[in-house]
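Participant: Structure supplied as my_file31.cif; contents: mmCIF, C-alpha atoms.
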```cif
data_protein
loop_
_atom_site.label_atom_id
_atom_site.label_comp_id
_atom_site.auth_asym_id
_atom_site.auth_seq_id
_atom_site.Cartn_x
_atom_site.Cartn_y
_atom_site.Cartn_z
CA MET A 414 -73.91 -6.93 -13.98
CA THR A 415 -72.96 -3.27 -14.23
CA LEU A 416 -69.60 -2.14 -15.58
CA VAL A 417 -68.46 -1.08 -12.09
CA GLU A 418 -69.50 -4.45 -10.63
CA GLU A 419 -67.62 -6.22 -13.41
CA ILE A 420 -64.46 -4.23 -12.65
CA LYS A 421 -64.74 -5.03 -8.94
CA GLN A 422 -65.11 -8.74 -9.70
CA LEU A 423 -62.15 -8.73 -12.08
CA LYS A 424 -60.03 -6.95 -9.46
CA LYS A 425 -60.64 -9.79 -7.04
CA GLU A 426 -59.99 -12.47 -9.66
CA LYS A 427 -56.74 -10.86 -10.84
CA ASN A 428 -55.52 -9.69 -7.40
CA ALA A 429 -55.40 -6.17 -8.82
CA VAL A 430 -55.37 -2.62 -7.50
CA ILE A 431 -56.35 0.51 -9.43
CA LEU A 432 -54.30 3.72 -9.18
CA ALA A 433 -55.78 6.82 -10.80
CA HIS A 434 -54.36 10.27 -11.42
CA TYR A 435 -56.44 13.32 -10.53
CA TYR A 436 -56.72 14.23 -14.22
CA VAL A 437 -58.57 11.12 -15.48
CA ASN A 438 -62.35 10.99 -15.90
CA ASP A 439 -64.52 11.30 -12.78
CA ASP A 440 -66.01 7.80 -13.03
CA VAL A 441 -62.54 6.27 -13.22
CA GLN A 442 -61.41 8.19 -10.14
CA ALA A 443 -64.56 6.97 -8.38
CA ILE A 444 -63.69 3.26 -8.82
CA ALA A 445 -59.95 3.63 -8.07
CA ASP A 446 -58.39 2.29 -4.86
CA TYR A 447 -55.92 5.19 -4.76
CA VAL A 448 -56.29 8.61 -6.39
CA GLY A 449 -53.50 11.17 -6.33
CA ASP A 450 -50.77 13.11 -8.09
CA SER A 451 -47.59 11.60 -9.54
CA TYR A 452 -45.63 11.74 -6.29
CA TYR A 453 -48.34 10.18 -4.13
CA LEU A 454 -48.96 7.40 -6.62
CA ALA A 455 -45.22 6.69 -6.96
CA LYS A 456 -44.99 6.29 -3.17
CA VAL A 457 -48.11 4.14 -3.00
CA ALA A 458 -46.89 1.82 -5.76
CA VAL A 459 -43.85 0.77 -3.72
CA ASP A 460 -45.87 -0.74 -0.86
CA LEU A 461 -48.72 -2.42 -2.71
CA LYS A 462 -49.38 -6.09 -1.93
CA GLU A 463 -51.47 -6.86 -5.02
CA SER A 464 -49.74 -8.63 -7.90
CA THR A 465 -51.33 -6.47 -10.62
CA ILE A 466 -51.40 -2.67 -10.84
CA VAL A 467 -53.86 -0.98 -13.17
CA PHE A 468 -52.54 2.54 -13.69
CA ALA A 469 -55.26 4.92 -14.87
CA GLY A 470 -52.96 7.57 -16.28
CA VAL A 471 -50.43 8.07 -19.06
CA GLN A 472 -47.39 6.10 -20.20
CA PHE A 473 -44.70 7.62 -17.98
CA MET A 474 -46.79 6.81 -14.89
CA GLY A 475 -47.12 3.17 -15.85
CA GLU A 476 -43.39 3.05 -16.59
CA SER A 477 -42.52 4.51 -13.19
CA ALA A 478 -44.79 2.00 -11.45
CA LYS A 479 -43.11 -0.87 -13.32
CA ILE A 480 -39.62 0.44 -12.55
CA LEU A 481 -40.47 0.58 -8.85
CA ASN A 482 -42.27 -2.78 -8.94
CA PRO A 483 -40.47 -5.06 -11.43
CA GLU A 484 -42.09 -8.20 -10.05
CA LYS A 485 -45.64 -6.90 -10.55
CA THR A 486 -47.79 -6.79 -13.67
CA VAL A 487 -48.54 -3.17 -14.57
CA LEU A 488 -51.41 -2.48 -16.96
CA LEU A 489 -52.35 0.73 -18.78
CA PRO A 490 -56.04 0.93 -19.75
CA ASP A 491 -54.99 2.87 -22.85
CA ALA A 492 -51.40 2.17 -23.88
CA LYS A 493 -51.57 5.08 -26.35
CA ALA A 494 -52.30 7.64 -23.62
CA ASP A 495 -49.07 9.59 -23.60
CA CYS A 496 -47.72 12.88 -22.23
CA PRO A 497 -46.09 15.03 -24.95
CA MET A 498 -43.96 16.85 -22.35
CA ALA A 499 -42.48 13.52 -21.22
CA HIS A 500 -40.49 13.47 -24.49
CA MET A 501 -39.44 17.14 -24.57
CA ALA A 502 -35.76 16.77 -23.70
CA GLN A 503 -32.82 15.43 -25.69
CA ILE A 504 -30.18 13.00 -24.43
CA GLU A 505 -27.59 14.82 -26.55
CA ARG A 506 -28.42 18.11 -24.85
CA ILE A 507 -28.10 16.51 -21.40
CA GLU A 508 -24.61 15.31 -22.28
CA GLU A 509 -23.68 18.74 -23.66
CA VAL A 510 -24.74 20.45 -20.44
CA ARG A 511 -22.82 17.91 -18.35
CA LYS A 512 -19.66 18.82 -20.27
CA GLU A 513 -20.34 22.55 -20.03
CA TYR A 514 -21.02 22.75 -16.27
CA ASP A 515 -19.17 21.16 -13.42
CA ASP A 516 -20.96 20.38 -10.16
CA LEU A 517 -24.15 19.70 -12.15
CA ALA A 518 -27.30 17.84 -11.16
CA VAL A 519 -29.71 16.81 -13.90
CA VAL A 520 -33.09 17.16 -12.21
CA CYS A 521 -35.79 15.28 -14.08
CA TYR A 522 -39.49 15.98 -13.59
CA ILE A 523 -41.22 12.64 -13.08
CA ASN A 524 -43.38 13.57 -16.10
CA SER A 525 -40.74 12.10 -18.40
CA THR A 526 -39.86 8.90 -20.22
CA ALA A 527 -37.75 6.18 -18.61
CA GLU A 528 -35.12 7.04 -21.23
CA LEU A 529 -34.76 10.57 -19.83
CA LYS A 530 -34.75 9.29 -16.25
CA MET A 531 -31.83 7.01 -17.16
CA HIS A 532 -29.70 10.07 -17.91
CA SER A 533 -30.72 12.05 -14.82
CA ASP A 534 -29.44 12.33 -11.26
CA VAL A 535 -32.73 12.73 -9.41
CA CYS A 536 -36.44 12.82 -10.21
CA VAL A 537 -38.87 15.36 -8.77
CA THR A 538 -42.58 16.11 -8.86
CA SER A 539 -44.26 19.50 -8.64
CA ALA A 540 -45.02 18.64 -5.01
CA ASN A 541 -41.41 18.00 -3.94
CA ALA A 542 -39.21 19.76 -6.52
CA MET A 543 -38.36 22.74 -4.32
CA LYS A 544 -37.46 20.59 -1.32
CA ILE A 545 -35.27 18.28 -3.38
CA VAL A 546 -33.47 21.04 -5.31
CA LYS A 547 -32.68 22.83 -2.05
CA ALA A 548 -31.32 19.57 -0.58
CA LEU A 549 -28.98 18.87 -3.50
CA PRO A 550 -25.30 19.77 -2.88
CA ASN A 551 -24.89 20.82 -6.52
CA LYS A 552 -24.67 24.47 -7.50
CA ASN A 553 -25.79 23.96 -11.12
CA ILE A 554 -29.21 22.50 -11.91
CA PHE A 555 -30.29 21.36 -15.37
CA PHE A 556 -34.06 21.06 -15.02
CA ILE A 557 -35.81 18.82 -17.56
CA PRO A 558 -38.18 18.59 -19.33
CA ASP A 559 -40.54 21.36 -18.11
CA GLU A 560 -39.18 24.88 -18.42
CA ASN A 561 -42.08 26.52 -16.56
CA LEU A 562 -41.80 24.40 -13.41
CA GLY A 563 -38.02 24.86 -13.59
CA ARG A 564 -38.33 28.66 -13.74
CA TYR A 565 -40.74 28.70 -10.82
CA ILE A 566 -38.39 26.61 -8.66
CA ALA A 567 -35.46 28.80 -9.76
CA SER A 568 -37.32 31.91 -8.59
CA LYS A 569 -37.59 30.36 -5.12
CA VAL A 570 -34.03 28.99 -4.95
CA PRO A 571 -31.87 31.94 -6.12
CA GLU A 572 -28.71 30.44 -4.64
CA LYS A 573 -28.65 27.82 -7.40
CA ASN A 574 -27.77 28.32 -11.07
CA PHE A 575 -30.48 26.89 -13.32
CA ILE A 576 -30.16 25.78 -16.91
CA PHE A 577 -33.57 25.46 -18.53
CA ASN A 578 -34.92 23.09 -21.11
CA ASP A 579 -37.38 23.97 -23.87
CA GLY A 580 -40.29 21.79 -22.72
CA TYR A 581 -43.79 22.44 -21.43
CA CYS A 582 -47.19 21.01 -20.55
CA HIS A 583 -49.51 22.13 -23.35
CA VAL A 584 -52.51 22.16 -20.98
CA HIS A 585 -50.93 24.51 -18.43
CA LYS A 586 -49.10 26.63 -21.00
CA ALA A 587 -52.44 27.33 -22.70
CA VAL A 588 -53.63 29.18 -19.59
CA THR A 589 -52.95 32.90 -20.07
CA ALA A 590 -52.80 35.85 -17.71
CA ASP A 591 -55.78 37.38 -19.53
CA MET A 592 -57.83 34.25 -18.82
CA ILE A 593 -57.05 34.52 -15.11
CA LYS A 594 -57.91 38.23 -15.09
CA ARG A 595 -61.24 37.59 -16.81
CA ALA A 596 -62.07 34.79 -14.38
CA LYS A 597 -61.18 37.09 -11.50
CA GLU A 598 -63.47 39.81 -12.91
CA SER A 599 -66.32 37.29 -13.04
CA HIS A 600 -65.59 36.00 -9.54
CA PRO A 601 -63.86 38.85 -7.65
CA ASP A 602 -64.20 37.17 -4.25
CA ALA A 603 -62.61 33.90 -5.40
CA GLN A 604 -59.01 32.93 -4.66
CA VAL A 605 -56.82 31.91 -7.59
CA LEU A 606 -55.05 28.54 -7.24
CA ILE A 607 -52.45 27.83 -9.92
CA HIS A 608 -50.21 24.89 -10.84
CA PRO A 609 -46.49 25.76 -11.28
CA GLU A 610 -46.45 24.28 -14.80
CA CYS A 611 -48.12 27.54 -15.86
CA THR A 612 -45.96 30.42 -17.11
CA LEU A 613 -44.50 32.96 -14.68
CA ASP A 614 -46.81 35.80 -15.75
CA VAL A 615 -49.77 33.57 -14.84
CA LEU A 616 -48.20 32.53 -11.53
CA GLU A 617 -47.86 36.20 -10.56
CA LEU A 618 -51.68 36.36 -10.35
CA ALA A 619 -52.00 33.44 -7.93
CA ASP A 620 -53.17 33.47 -4.33
CA TYR A 621 -51.64 30.00 -4.05
CA ILE A 622 -49.17 28.09 -6.24
CA GLY A 623 -48.89 24.36 -5.80
CA SER A 624 -49.09 20.84 -7.14
CA THR A 625 -52.42 19.21 -7.88
CA SER A 626 -52.49 17.65 -4.41
CA GLY A 627 -51.36 20.98 -2.94
CA ILE A 628 -54.26 22.79 -4.61
CA ILE A 629 -56.72 20.26 -3.21
CA ASP A 630 -55.23 20.51 0.29
CA TYR A 631 -55.19 24.31 0.22
CA ALA A 632 -58.82 24.61 -0.90
CA THR A 633 -59.93 22.00 1.63
CA LYS A 634 -58.21 23.68 4.58
CA SER A 635 -59.05 27.25 3.57
CA ASP A 636 -61.90 29.14 5.21
CA LYS A 637 -62.58 30.76 1.83
CA LYS A 638 -65.59 29.50 -0.12
CA LYS A 639 -64.80 30.32 -3.77
CA PHE A 640 -61.78 29.35 -5.89
CA ILE A 641 -60.58 29.77 -9.47
CA ILE A 642 -58.69 26.63 -10.49
CA SER A 643 -55.81 26.77 -12.96
CA THR A 644 -54.80 23.18 -13.58
CA GLU A 645 -56.30 20.23 -15.49
CA LEU A 646 -60.02 20.18 -14.74
CA GLY A 647 -60.09 16.53 -13.66
CA VAL A 648 -59.07 17.88 -10.26
CA LEU A 649 -62.56 19.33 -9.82
CA TYR A 650 -63.91 15.85 -8.99
CA GLN A 651 -61.84 15.60 -5.80
CA LEU A 652 -62.25 19.28 -4.96
CA LYS A 653 -66.04 19.05 -5.08
CA LYS A 654 -66.07 15.66 -3.34
CA ASN A 655 -63.98 16.99 -0.45
CA ASN A 656 -65.70 20.39 -0.33
CA PRO A 657 -69.38 20.14 -1.30
CA GLU A 658 -70.12 23.49 0.32
CA LYS A 659 -67.51 25.40 -1.70
CA GLU A 660 -67.59 26.77 -5.25
CA PHE A 661 -64.93 26.09 -7.87
CA TYR A 662 -64.52 27.85 -11.22
CA ALA A 663 -62.26 26.97 -14.14
CA ALA A 664 -59.79 29.63 -15.20
CA GLY A 665 -60.78 28.87 -18.80
CA SER A 666 -62.00 26.16 -21.13
CA VAL A 667 -58.61 24.90 -22.32
CA GLN A 668 -57.60 22.96 -19.22
CA ILE A 669 -58.28 19.47 -20.57
CA CYS A 670 -55.61 16.82 -21.18
CA PRO A 671 -56.90 14.67 -24.06
CA ASN A 672 -54.51 11.86 -23.19
CA MET A 673 -55.72 11.57 -19.60
CA LYS A 674 -59.31 11.53 -20.88
CA LYS A 675 -58.54 8.49 -23.04
CA VAL A 676 -58.80 6.37 -19.88
CA THR A 677 -62.40 5.12 -19.57
CA LEU A 678 -64.23 2.60 -17.39
CA GLU A 679 -64.58 0.31 -20.40
CA LYS A 680 -60.83 0.36 -20.97
CA VAL A 681 -60.16 -0.32 -17.28
CA ARG A 682 -62.47 -3.35 -17.53
CA ASP A 683 -60.90 -4.54 -20.78
CA CYS A 684 -57.29 -4.36 -19.56
CA LEU A 685 -58.21 -6.33 -16.44
CA ARG A 686 -60.22 -8.92 -18.36
CA ASP A 687 -57.68 -9.38 -21.16
CA THR A 688 -54.45 -8.55 -19.29
CA SER A 689 -53.80 -6.00 -22.02
CA GLY A 690 -51.72 -2.82 -22.00
CA VAL A 691 -48.88 -4.60 -20.19
CA VAL A 692 -46.02 -2.20 -19.38
CA GLU A 693 -42.59 -3.60 -20.21
CA VAL A 694 -39.30 -2.01 -19.17
CA SER A 695 -35.95 -3.60 -20.05
CA GLU A 696 -33.68 -4.59 -17.17
CA GLU A 697 -31.01 -2.06 -18.18
CA LYS A 698 -33.55 0.75 -18.44
CA ARG A 699 -35.12 -0.25 -15.14
CA GLU A 700 -31.81 -0.35 -13.25
CA LYS A 701 -30.62 3.01 -14.54
CA SER A 702 -33.93 4.88 -14.18
CA LEU A 703 -34.54 3.39 -10.74
CA VAL A 704 -31.60 5.36 -9.30
CA PRO A 705 -33.10 8.87 -9.71
CA LEU A 706 -36.55 7.63 -8.67
CA LYS A 707 -35.21 6.10 -5.47
CA ARG A 708 -33.18 9.22 -4.76
CA MET A 709 -36.38 11.27 -5.09
CA LEU A 710 -38.19 9.09 -2.58
CA GLU A 711 -35.28 9.38 -0.15
CA LEU A 712 -34.79 13.15 -0.45
CA ALA A 713 -38.52 13.91 -0.29
CA LYS A 714 -39.04 12.20 3.06
#
```
In structure tokens, how does this file's structure come out?

Facilitator:
Amino acid sequence: MTLVEEIKQLKKEKNAVILAHYYVNDDVQAIADYVGDSYYLAKVAVDLKESTIVFAGVQFMGESAKILNPEKTVLLPDAKADCPMAHMAQIERIEEVRKEYDDLAVVCYINSTAELKMHSDVCVTSANAMKIVKALPNKNIFFIPDENLGRYIASKVPEKNFIFNDGYCHVHKAVTADMIKRAKESHPDAQVLIHPECTLDVLELADYIGSTSGIIDYATKSDKKKFIISTELGVLYQLKKNNPEKEFYAAGSVQICPNMKKVTLEKVRDCLRDTSGVVEVSEEKREKSLVPLKRMLELAK
């Protein structure tokens, strides 16, 4: 029996479904039941009928799935796969800002720990952040934990006053304007598609700025044939699968998330077989972090 066949058999035995983020390894995306970005997978998780969710991604994703589905078993193939940015905000700083600004909304990127979500008013993803921030009645926005996404949204919503947090995605921050310019010199007829977790000087060079799913949709619908991709390179699997006749080039060689790549087919098999990597969230943490997650799902409709 092949590894893929073994996983399929275990899925049936355990009444399990596999969710995979665009950034995990190609072979893991290939065996997943649902592949998407954080927002899509958060929505999908709410309506699943299976009793077990295998989340091929990093810790905060498994936590969010468990918070939204407390009655289900949520498994992480690699429980040590974490997102450094998810920890890059301080509870003490959130409380300081709340005291300093009235009419404040703490807007928490879904790429964050349950602990940070507990102290926030609403969650957002890169796909829905602009829509949600515009819909909020609050004048003052404390955007955590990613400064770069916050600055991009602020540039598009000038009527709001943003307070920024010193956090970042190391993969997207590593992309430089010089890298984009060199890629453009090598492929002058290619459009540049960039994720908003990159810095503003990089975003200025984009033909399109959007979430991972937005980049895939744009490239798929475009009549252009060549694209330079500035996000984690796991996205190339879906881009090439959806657009076999088009050409995709990496902006550079640094666009790899080592934590996402920890998720392998063997680990997917093992967590299903052994019921390992179980995600646990305390009832207090679940109740408090559920509020901003639910508000995100409502405002993003």

Participant: Which residue, A:Ala548, A:Ile641, A:Cys670, A:Val588, has the smallest gap to Pro497 of chain A when you use only C-alpha atoms?

Facilitator: A:Cys670

Participant: Taking all atoms listed in the file into account, name the residue in A:Leu549, A:Glu463, A:Asp491, A:Lys653 that is nearest to Leu678 of chain A.

Facilitator: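 Looking only at the distances to Leu678 of chain A, the closest residue turns out to be A:Asp491.
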
Participant: Could you tell me which of A:Glu426, A:Asp440, A:Asp450, A:Asp602 comes closest to Glu679 of chain A if we count only C-alpha atoms?

Facilitator: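 Closest candidate: A:Asp440.
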
Participant: The PyMOL selection byres ((chain A and resi 562) around 9) on the file shown: which residues, as a list in words?

Facilitator: Tyr522, Ser539, Ala542, Phe556, Asp559, Glu560, Asn561, Gly563, Arg564, Tyr565, Ile566, Ala567, Tyr581, His608, Pro609, Glu610, Cys611 and Thr612 of chain A

Participant: Which residues come within 9 Å of Arg686 of chain A, counting all atoms listed in the file, excluding same-chain residues fewer than 4 positions away, as a PDB file with C-alpha atoms, in the coordinates of the input?

Facilitator:
```pdb
ATOM      1  CA  ILE A 420     -64.460  -4.230 -12.650  1.00  0.00           C
ATOM      2  CA  LEU A 423     -62.150  -8.730 -12.080  1.00  0.00           C
ATOM      3  CA  LYS A 427     -56.740 -10.860 -10.840  1.00  0.00           C
ATOM      4  CA  VAL A 681     -60.160  -0.320 -17.280  1.00  0.00           C
ATOM      5  CA  ARG A 682     -62.470  -3.350 -17.530  1.00  0.00           C
TER       6      ARG A 682
END
```

Participant: So that I can check the surroundings of Lys639 of chain A, please list as a list in words every protein, DNA and RNA residue that reaches within 10 Å of it, counting only C-alpha atoms and ignoring chain neighbours fewer than 5 positions away.

Facilitator: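 Surrounding residues, per the criterion: His600, Pro601, Asp602, Ala603, Gln604, Val605, Ala632, Glu658, Lys659, Glu660, Phe661 and Tyr662 of chain A.
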
Participant: Can you work out the spacing between atom CA of Ala502 of chain A and atom CA of Val694 of chain A in Å, to one decimal?

Facilitator: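 Spanning atom CA of Ala502 of chain A to atom CA of Val694 of chain A is a straight-line distance of 19.6 Å.
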
Participant: Centre and edge lengths, as AutoDock Vina command-line options, for the axis-aligned box enclosing every listed atom of segment 514-521 of chain A with 5 Å of padding on each of the six sides, in Å to one decimal?

Facilitator:
```
--center_x -27.5 --center_y 19.0 --center_z -13.2 --size_x 26.6 --size_y 17.5 --size_z 16.1
```

Participant: Which of these residues is nearest to Glu508 of chain A, using all atoms listed in the file: A:Tyr621, A:Phe575, A:Phe555, A:Tyr631?

Facilitator: A:Phe555

Participant: Find the residues near Thr465 of chain A: any atom within 8 Å, counting all atoms listed in the file, skip ones fewer than 4 places away on the same chain, and give them as a list in words.

Facilitator: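 Within the cut-off, the hits are Lys427, Asn428, Ala429, Val430, Lys485, Thr486, Val487 and Leu488 of chain A.
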